[in-house]
Amino acid sequence: MNRRRFLLAAGASSAAIRATETKLLLPSDQPDEHGFRLMWYNPIPPIDQKTWRLKIGGLVERAASLSLADLRKLPQESQSSRMKCVQCWSARTEWGGFRFGALLEMVKPKARARAVRVDCADKWYEYFAIHDLQSPRVLLALAMAGAPLAGQHGAPLRLIDPSRYGYKSAKLITSIQFVSEGKGSMACDIGPYYSPTGEIQAGYDHPLDLGAKARRKISGGEITDY
């Protein structure tokens with residue numbers, strides 16, 4: 001290869017690397033247009049929604065592999081709820097999706113199934129008791145703010161549990177496995193300020209969607225006052 005061809009090839013390679021890097025889902029402390037900061041365990045490219053499948057297995061009678069189109073055929077609901085981060089900020093938006101009960105009817109958990117493990121494309125995982133996921137305020141979200149869920153917010157599927165800190169609202173979900181017992185949260189391996197179940201505690205909140213200087217006192221649990 002002559003020098004000119006080498007430089008052209010090197011330039012093309014560098015451009016490809018830059019293009020790949022710009023497509024990664026990266027964390028950001030700068031709130032987006034909805035007032036959310038972006039948090040990730042590992043930076044990864046957005047999921048290819050055409051090939052993505054939600055794998056459901058473990059202690060079930062009928063294991064399943066569901067496409068995004070399959071999930072959109074389930075009974076859809078929406079709710080306005082505020083997601084509270086353990087790092088003290090929060091933001092509210094309208095979420096759309098389906099309830100966990102729709103999956104229970106489909107896969108028929110076995111009697112000894114008591115919990116589920118949720119795995120995500122960025123290697124994050126969470127455990128939940130089945131009865132906790134049956135709460136009427138827990139949503140498996142496919143949409144946000146009136147539009148399909150975006151990659152930076154966990155598309156194609158994420159969990160929303162407004163009574164628990166945001167680290168329990170797993171994003172980029174790829175697998176739900178029914179197990180005999182839960183084992184807490186991956187977050188507990190990271191820092192002492194995380195709890196296995198992640199219930200929101202009393203204290204103060206900074207709702208970024210209400211302004212950079214907004215500060216509110218909260219009593220714990222789901223934030224419903226604002």
# chains A, B, ... in the order shown; residues from 1 in each chain; ligands from 1

$ closest_atom_pairs --of "segment 54-107 of chain A" --to "segment 125-140 of chain A" --cutoff "10 Å" --atoms "only C-alpha atoms" --output "Markdown table"
| residue | atom | partner | partner_atom | distance |
| --- | --- | --- | --- | --- |
| A:Leu71 | CA | A:Leu140 | CA | 9.7 |
| A:Gln76 | CA | A:Leu140 | CA | 9.7 |
| A:Glu77 | CA | A:Leu139 | CA | 8.4 |
| A:Ser78 | CA | A:Leu139 | CA | 8.3 |
| A:Gln79 | CA | A:Arg137 | CA | 8.1 |
| A:Ser80 | CA | A:Arg137 | CA | 9.8 |
| A:Ser81 | CA | A:Arg137 | CA | 8.6 |
| A:Trp95 | CA | A:Leu139 | CA | 8.1 |
| A:Gly96 | CA | A:Leu139 | CA | 7.8 |
| A:Gly97 | CA | A:Leu140 | CA | 5.5 |
| A:Phe98 | CA | A:Leu140 | CA | 5.4 |
| A:Arg99 | CA | A:Leu139 | CA | 5.2 |
| A:Phe100 | CA | A:Gln134 | CA | 6.0 |
| A:Gly101 | CA | A:Gln134 | CA | 6.3 |
| A:Ala102 | CA | A:Gln134 | CA | 9.9 |
| A:Leu104 | CA | A:Ile130 | CA | 9.4 |

$ atom_distance --atom1 "atom CA of Glu199 of chain A" --atom2 "atom CA of Ile47 of chain A"
28.9 Å

$ select_by_dssp --residues "segment 34-99 of chain A" --states "strand (DSSP E or B)" --output "count of residues only"
29

$ closest_residue --among "A:Leu103, A:Cys88, A:Leu172, A:Ala141" --to "Pro45 of chain A" --atoms "only C-alpha atoms"
A:Leu172

$ residues_around --residues "Lys168 of chain A" --least-positions-apart "4" --cutoff "12 Å" --atoms "only C-alpha atoms" --output "PyMOL selection string"
chain A and resi 83-86+117-120+124-128+132-133+138+158-164+173+184-188+194-200

$ atom_distance --atom1 "atom CA of Leu142 of chain A" --atom2 "atom CA of His34 of chain A"
16.3 Å

$ atom_distance --atom1 "atom CA of Asp205 of chain A" --atom2 "atom CA of Gln30 of chain A"
16.9 Å

$ closest_residue --among "A:Ala63, A:Ala143, A:Ala150, A:Leu38" --to "Ser90 of chain A" --atoms "only C-alpha atoms"
A:Leu38

$ residues_around --residues "Gln49 of chain A" --least-positions-apart "5" --cutoff "12 Å" --atoms "only C-alpha atoms" --output "PyMOL selection string"
chain A and resi 54+66-69+142+148-151+154-157+172-174

$ residues_around --residues "Asp29 of chain A" --least-positions-apart "6" --cutoff "10 Å" --atoms "only C-alpha atoms" --output "list in words"
Phe36, Arg37, Leu38 and Met39 of chain A

$ closest_residue --among "A:Asp209, A:Asp70, A:Asp122, A:Asp225" --to "Asn42 of chain A" --atoms "only C-alpha atoms"
A:Asp122

$ select_by_dssp --residues "segment 51-224 of chain A" --states "alpha helix (DSSP H)" --output "VMD selection string"
chain A and resid 68 to 72 101 to 107 130 to 133

$ closest_residue --among "A:Pro43, A:Gly211, A:Gly203, A:Gly146" --to "Pro31 of chain A" --atoms "only C-alpha atoms"
A:Gly211

$ closest_residue --among "A:Thr93, A:Pro27, A:Ser175, A:His153" --to "Ser65 of chain A" --atoms "only C-alpha atoms"
A:Ser175

$ closest_residue --among "A:Ser28, A:Gln201, A:Gln177, A:Thr224" --to "Val116 of chain A" --atoms "only C-alpha atoms"
A:Gln177

$ residues_around --residues "Tyr204 of chain A" --least-positions-apart "5" --cutoff "10 Å" --atoms "only C-alpha atoms" --output "PyMOL selection string"
chain A and resi 88-89+215-220

$ write_last_selection --atoms "C-alpha atoms" --output "PDB file, in the first residue's frame"
ATOM      1  CA  CYS A  88     -30.926  13.327  45.110  1.00  0.00           C
ATOM      2  CA  TRP A  89     -32.519  14.527  41.842  1.00  0.00           C
ATOM      3  CA  ARG A 215     -35.713  21.792  46.358  1.00  0.00           C
ATOM      4  CA  ARG A 216     -38.507  19.859  48.051  1.00  0.00           C
ATOM      5  CA  LYS A 217     -38.869  17.928  51.288  1.00  0.00           C
ATOM      6  CA  ILE A 218     -40.218  14.384  50.819  1.00  0.00           C
ATOM      7  CA  SER A 219     -41.718  11.908  53.261  1.00  0.00           C
ATOM      8  CA  GLY A 220     -40.574   8.707  51.568  1.00  0.00           C
TER       9      GLY A 220
END
